[in-house]
Structures are given as structure tokens and as C-alpha cells.
$ cat coords-v1.cif   # mmCIF, N, CA and C atoms
data_run
#
loop_
_atom_site.label_atom_id
_atom_site.label_comp_id
_atom_site.auth_asym_id
_atom_site.auth_seq_id
_atom_site.Cartn_x
_atom_site.Cartn_y
_atom_site.Cartn_z
N MET H 8 70.30 108.92 48.24
CA MET H 8 70.23 110.34 47.92
C MET H 8 71.64 110.87 47.70
N ASP H 9 71.74 111.83 46.80
CA ASP H 9 73.00 112.52 46.55
C ASP H 9 72.94 113.91 47.18
N VAL H 10 74.03 114.31 47.78
CA VAL H 10 74.14 115.63 48.41
C VAL H 10 74.93 116.54 47.48
N HIS H 11 74.44 117.75 47.29
CA HIS H 11 75.11 118.74 46.47
C HIS H 11 75.27 120.01 47.30
N ILE H 12 76.40 120.66 47.15
CA ILE H 12 76.62 121.93 47.86
C ILE H 12 76.93 123.02 46.84
N ASP H 13 76.60 124.23 47.21
CA ASP H 13 76.92 125.40 46.40
C ASP H 13 77.78 126.31 47.28
N ARG H 14 79.10 126.18 47.14
CA ARG H 14 80.02 126.97 47.97
C ARG H 14 79.88 128.46 47.71
N ASP H 15 79.38 128.84 46.54
CA ASP H 15 79.18 130.27 46.25
C ASP H 15 78.07 130.86 47.12
N ARG H 16 77.12 130.03 47.53
CA ARG H 16 76.01 130.50 48.37
C ARG H 16 76.34 130.42 49.86
N CYS H 17 77.28 129.55 50.20
CA CYS H 17 77.60 129.27 51.60
C CYS H 17 78.04 130.54 52.34
N LEU H 18 77.50 130.69 53.56
CA LEU H 18 77.84 131.83 54.42
C LEU H 18 78.86 131.46 55.50
N GLY H 19 79.14 130.17 55.63
CA GLY H 19 80.09 129.72 56.65
C GLY H 19 79.51 129.64 58.04
N ALA H 20 78.20 129.50 58.16
CA ALA H 20 77.56 129.43 59.48
C ALA H 20 77.92 128.14 60.22
N GLY H 21 78.21 127.08 59.49
CA GLY H 21 78.64 125.83 60.10
C GLY H 21 77.55 124.94 60.64
N MET H 22 76.30 125.29 60.39
CA MET H 22 75.20 124.47 60.90
C MET H 22 75.24 123.06 60.32
N CYS H 23 75.65 122.93 59.07
CA CYS H 23 75.73 121.61 58.44
C CYS H 23 76.77 120.74 59.13
N ALA H 24 77.93 121.30 59.40
CA ALA H 24 79.01 120.54 60.04
C ALA H 24 78.64 120.15 61.47
N LEU H 25 77.88 120.98 62.14
CA LEU H 25 77.43 120.64 63.49
C LEU H 25 76.34 119.57 63.47
N THR H 26 75.49 119.62 62.47
CA THR H 26 74.35 118.71 62.37
C THR H 26 74.73 117.34 61.82
N ALA H 27 75.59 117.31 60.82
CA ALA H 27 75.99 116.05 60.18
C ALA H 27 77.51 116.06 59.94
N PRO H 28 78.30 115.93 60.99
CA PRO H 28 79.75 116.05 60.85
C PRO H 28 80.41 114.94 60.03
N GLN H 29 79.72 113.84 59.81
CA GLN H 29 80.28 112.78 58.97
C GLN H 29 80.12 113.10 57.49
N VAL H 30 79.28 114.07 57.19
CA VAL H 30 78.98 114.41 55.80
C VAL H 30 79.54 115.79 55.41
N PHE H 31 79.57 116.71 56.36
CA PHE H 31 80.01 118.09 56.08
C PHE H 31 81.13 118.52 57.02
N ASP H 32 81.96 119.40 56.52
CA ASP H 32 83.00 120.05 57.32
C ASP H 32 83.09 121.49 56.81
N GLN H 33 84.00 122.24 57.39
CA GLN H 33 84.27 123.60 56.94
C GLN H 33 85.74 123.72 56.63
N ASP H 34 86.07 124.45 55.55
CA ASP H 34 87.49 124.63 55.24
C ASP H 34 88.11 125.61 56.22
N GLU H 35 89.41 125.48 56.40
CA GLU H 35 90.11 126.31 57.39
C GLU H 35 90.31 127.74 56.92
N ASP H 36 90.37 127.97 55.62
CA ASP H 36 90.64 129.31 55.10
C ASP H 36 89.45 130.24 55.20
N GLU H 37 88.32 129.81 54.67
CA GLU H 37 87.15 130.67 54.60
C GLU H 37 85.99 130.23 55.48
N GLY H 38 86.07 129.02 56.01
CA GLY H 38 84.98 128.50 56.83
C GLY H 38 83.80 128.03 56.02
N LEU H 39 83.99 127.85 54.71
CA LEU H 39 82.90 127.42 53.84
C LEU H 39 82.74 125.91 53.88
N VAL H 40 81.57 125.45 53.52
CA VAL H 40 81.24 124.04 53.56
C VAL H 40 82.17 123.20 52.68
N VAL H 41 82.51 122.04 53.21
CA VAL H 41 83.25 121.02 52.47
C VAL H 41 82.42 119.75 52.55
N LEU H 42 82.15 119.16 51.42
CA LEU H 42 81.36 117.95 51.36
C LEU H 42 82.28 116.74 51.53
N LEU H 43 82.05 115.98 52.59
CA LEU H 43 82.87 114.81 52.89
C LEU H 43 82.31 113.53 52.25
N ASP H 44 81.00 113.48 52.07
CA ASP H 44 80.36 112.27 51.56
C ASP H 44 79.15 112.67 50.72
N ALA H 45 79.30 112.63 49.40
CA ALA H 45 78.22 113.04 48.49
C ALA H 45 77.09 112.01 48.43
N ARG H 46 77.38 110.78 48.88
CA ARG H 46 76.37 109.71 48.88
C ARG H 46 76.35 109.04 50.25
N PRO H 47 75.86 109.75 51.24
CA PRO H 47 75.87 109.19 52.59
C PRO H 47 74.96 107.97 52.71
N PRO H 48 75.31 107.07 53.63
CA PRO H 48 74.46 105.89 53.83
C PRO H 48 73.11 106.29 54.45
N GLN H 49 72.17 105.40 54.32
CA GLN H 49 70.80 105.63 54.78
C GLN H 49 70.75 106.15 56.22
N GLU H 50 71.58 105.61 57.10
CA GLU H 50 71.51 106.00 58.51
C GLU H 50 71.96 107.44 58.77
N ARG H 51 72.55 108.10 57.80
CA ARG H 51 72.96 109.51 57.96
C ARG H 51 72.01 110.48 57.27
N LEU H 52 71.06 109.96 56.52
CA LEU H 52 70.18 110.85 55.74
C LEU H 52 69.29 111.73 56.60
N ALA H 53 68.86 111.27 57.74
CA ALA H 53 68.02 112.12 58.61
C ALA H 53 68.80 113.35 59.05
N ALA H 54 70.05 113.18 59.44
CA ALA H 54 70.88 114.32 59.84
C ALA H 54 71.16 115.24 58.66
N VAL H 55 71.36 114.67 57.48
CA VAL H 55 71.59 115.49 56.28
C VAL H 55 70.35 116.32 55.96
N ARG H 56 69.18 115.72 56.08
CA ARG H 56 67.94 116.48 55.82
C ARG H 56 67.79 117.63 56.81
N VAL H 57 68.16 117.41 58.06
CA VAL H 57 68.12 118.49 59.04
C VAL H 57 69.12 119.59 58.63
N ALA H 58 70.30 119.19 58.21
CA ALA H 58 71.32 120.16 57.78
C ALA H 58 70.81 120.99 56.60
N VAL H 59 70.12 120.36 55.67
CA VAL H 59 69.53 121.10 54.54
C VAL H 59 68.55 122.14 55.07
N GLY H 60 67.74 121.75 56.03
CA GLY H 60 66.72 122.65 56.57
C GLY H 60 67.27 123.80 57.40
N VAL H 61 68.41 123.59 58.06
CA VAL H 61 68.94 124.66 58.94
C VAL H 61 69.98 125.53 58.25
N CYS H 62 70.35 125.19 57.03
CA CYS H 62 71.34 126.01 56.31
C CYS H 62 70.73 127.38 56.00
N PRO H 63 71.29 128.46 56.55
CA PRO H 63 70.70 129.79 56.34
C PRO H 63 70.84 130.31 54.90
N ALA H 64 71.74 129.71 54.13
CA ALA H 64 71.96 130.16 52.75
C ALA H 64 71.33 129.24 51.71
N SER H 65 70.69 128.17 52.17
CA SER H 65 70.14 127.17 51.25
C SER H 65 71.20 126.69 50.27
N ALA H 66 72.39 126.42 50.79
CA ALA H 66 73.53 126.02 49.96
C ALA H 66 73.62 124.51 49.77
N ILE H 67 72.73 123.76 50.40
CA ILE H 67 72.76 122.30 50.31
C ILE H 67 71.47 121.80 49.68
N THR H 68 71.60 120.91 48.73
CA THR H 68 70.42 120.28 48.12
C THR H 68 70.60 118.77 48.10
N LEU H 69 69.48 118.08 48.09
CA LEU H 69 69.45 116.62 47.99
C LEU H 69 68.73 116.24 46.71
N THR H 70 69.21 115.21 46.05
CA THR H 70 68.52 114.66 44.88
C THR H 70 68.54 113.14 44.96
N ARG H 71 67.63 112.56 44.24
CA ARG H 71 67.66 111.09 44.11
C ARG H 71 68.92 110.72 43.33
N ARG H 72 69.48 109.60 43.63
CA ARG H 72 70.71 109.16 42.96
C ARG H 72 70.57 109.25 41.45
N GLY H 73 71.56 109.91 40.83
CA GLY H 73 71.60 109.99 39.37
C GLY H 73 70.89 111.17 38.76
N SER H 74 70.10 111.94 39.54
CA SER H 74 69.44 113.12 38.96
C SER H 74 70.20 114.38 39.35
N SER H 75 69.91 115.47 38.67
CA SER H 75 70.60 116.74 38.95
C SER H 75 69.88 117.50 40.03
N PRO H 76 70.62 118.36 40.76
CA PRO H 76 69.95 119.20 41.77
C PRO H 76 68.98 120.18 41.11
N ALA H 77 67.90 120.43 41.80
CA ALA H 77 66.91 121.40 41.30
C ALA H 77 67.50 122.80 41.36
N SER H 78 67.13 123.64 40.43
CA SER H 78 67.63 125.03 40.46
C SER H 78 66.74 125.88 41.32
#
$ encode --input "coords-v1.cif" --output "C-alpha cells"
Amino acid sequence: MDVHIDRDRCLGAGMCALTAPQVFDQDEDEGLVVLLDARPPQERLAAVRVAVGVCPASAITLTRRGSSPAS
């Protein structure tokens, strides 16, 4: 799976970084999401799916490798 973020939607709540710290972080200036691994290994996908679900701004999407994120 590929992870996509929309920094324009991000509110800086940090739920993604708390849920999947190997995949997400927050920048120091604005506290917005930073994607550390756009193609996380299988063993991190469960945490990434949780991060997608808890993001209050719906700023994270998952797609199958090679396809575009849904609008």
C-alpha cells in the first residue's frame, strides 16, 4: 500500500505520529504531518490504517501500489 498525505488538510493533531511513528512525524514549525515512509512494510500497515482512521482531518489516504489516491 502507498500512503498519501494532504498537508493542506492537516490540523496538526499528531494522532498519526503517535499511532505510527515509523511512518509519520510532525514538522517543528507548524506541527503538520511529515510522511517518513510512503511505502511502509506489511508489518506497519495495521498501525497506518489506525492512523488513517483517527486522523480528525482525513488528511491521510491509502492506495494500492501504483494507483492514485481517491478524491
$ select_by_dssp --input "coords-v1.cif" --residues "stretch 32-70 of chain H" --states "helix (DSSP H, G or I)" --output "PyMOL selection string"
chain H and resi 49-61
$ write_last_selection --input "coords-v1.cif" --atoms "N, CA and C atoms" --output "PDB file, in the coordinates of the input"
ATOM      1  N   GLN H  49      72.170 105.400  54.320  1.00  0.00           N
ATOM      2  CA  GLN H  49      70.800 105.630  54.780  1.00  0.00           C
ATOM      3  C   GLN H  49      70.750 106.150  56.220  1.00  0.00           C
ATOM      4  N   GLU H  50      71.580 105.610  57.100  1.00  0.00           N
ATOM      5  CA  GLU H  50      71.510 106.000  58.510  1.00  0.00           C
ATOM      6  C   GLU H  50      71.960 107.440  58.770  1.00  0.00           C
ATOM      7  N   ARG H  51      72.550 108.100  57.800  1.00  0.00           N
ATOM      8  CA  ARG H  51      72.960 109.510  57.960  1.00  0.00           C
ATOM      9  C   ARG H  51      72.010 110.480  57.270  1.00  0.00           C
ATOM     10  N   LEU H  52      71.060 109.960  56.520  1.00  0.00           N
ATOM     11  CA  LEU H  52      70.180 110.850  55.740  1.00  0.00           C
ATOM     12  C   LEU H  52      69.290 111.730  56.600  1.00  0.00           C
ATOM     13  N   ALA H  53      68.860 111.270  57.740  1.00  0.00           N
ATOM     14  CA  ALA H  53      68.020 112.120  58.610  1.00  0.00           C
ATOM     15  C   ALA H  53      68.800 113.350  59.050  1.00  0.00           C
ATOM     16  N   ALA H  54      70.050 113.180  59.440  1.00  0.00           N
ATOM     17  CA  ALA H  54      70.880 114.320  59.840  1.00  0.00           C
ATOM     18  C   ALA H  54      71.160 115.240  58.660  1.00  0.00           C
ATOM     19  N   VAL H  55      71.360 114.670  57.480  1.00  0.00           N
ATOM     20  CA  VAL H  55      71.590 115.490  56.280  1.00  0.00           C
ATOM     21  C   VAL H  55      70.350 116.320  55.960  1.00  0.00           C
ATOM     22  N   ARG H  56      69.180 115.720  56.080  1.00  0.00           N
ATOM     23  CA  ARG H  56      67.940 116.480  55.820  1.00  0.00           C
ATOM     24  C   ARG H  56      67.790 117.630  56.810  1.00  0.00           C
ATOM     25  N   VAL H  57      68.160 117.410  58.060  1.00  0.00           N
ATOM     26  CA  VAL H  57      68.120 118.490  59.040  1.00  0.00           C
ATOM     27  C   VAL H  57      69.120 119.590  58.630  1.00  0.00           C
ATOM     28  N   ALA H  58      70.300 119.190  58.210  1.00  0.00           N
ATOM     29  CA  ALA H  58      71.320 120.160  57.780  1.00  0.00           C
ATOM     30  C   ALA H  58      70.810 120.990  56.600  1.00  0.00           C
ATOM     31  N   VAL H  59      70.120 120.360  55.670  1.00  0.00           N
ATOM     32  CA  VAL H  59      69.530 121.100  54.540  1.00  0.00           C
ATOM     33  C   VAL H  59      68.550 122.140  55.070  1.00  0.00           C
ATOM     34  N   GLY H  60      67.740 121.750  56.030  1.00  0.00           N
ATOM     35  CA  GLY H  60      66.720 122.650  56.570  1.00  0.00           C
ATOM     36  C   GLY H  60      67.270 123.800  57.400  1.00  0.00           C
ATOM     37  N   VAL H  61      68.410 123.590  58.060  1.00  0.00           N
ATOM     38  CA  VAL H  61      68.940 124.660  58.940  1.00  0.00           C
ATOM     39  C   VAL H  61      69.980 125.530  58.250  1.00  0.00           C
TER      40      VAL H  61
END
$ atom_distance --input "coords-v1.cif" --atom1 "atom N of H:Ala45" --atom2 "atom C of H:Leu69"
11.5 Å
$ resolve_selection --input "coords-v1.cif" --expression "the PyMOL selection byres ((chain H and resi 10-25) around 8)" --output "PyMOL selection string"
chain H and resi 8-9+26-33+37-42+44-47+54-55+57-59+61-72+76
$ atom_distance --input "coords-v1.cif" --atom1 "atom CA of H:Pro48" --atom2 "atom CA of H:Gly60"
18.7 Å
$ select_by_dssp --input "coords-v1.cif" --residues "chain H" --states "strand (DSSP E or B)" --output "PyMOL selection string"
chain H and resi 9-12+31-33+40-42+67-70
$ atom_distance --input "coords-v1.cif" --atom1 "atom CA of H:Asp36" --atom2 "atom C of H:Ala53"
27.3 Å
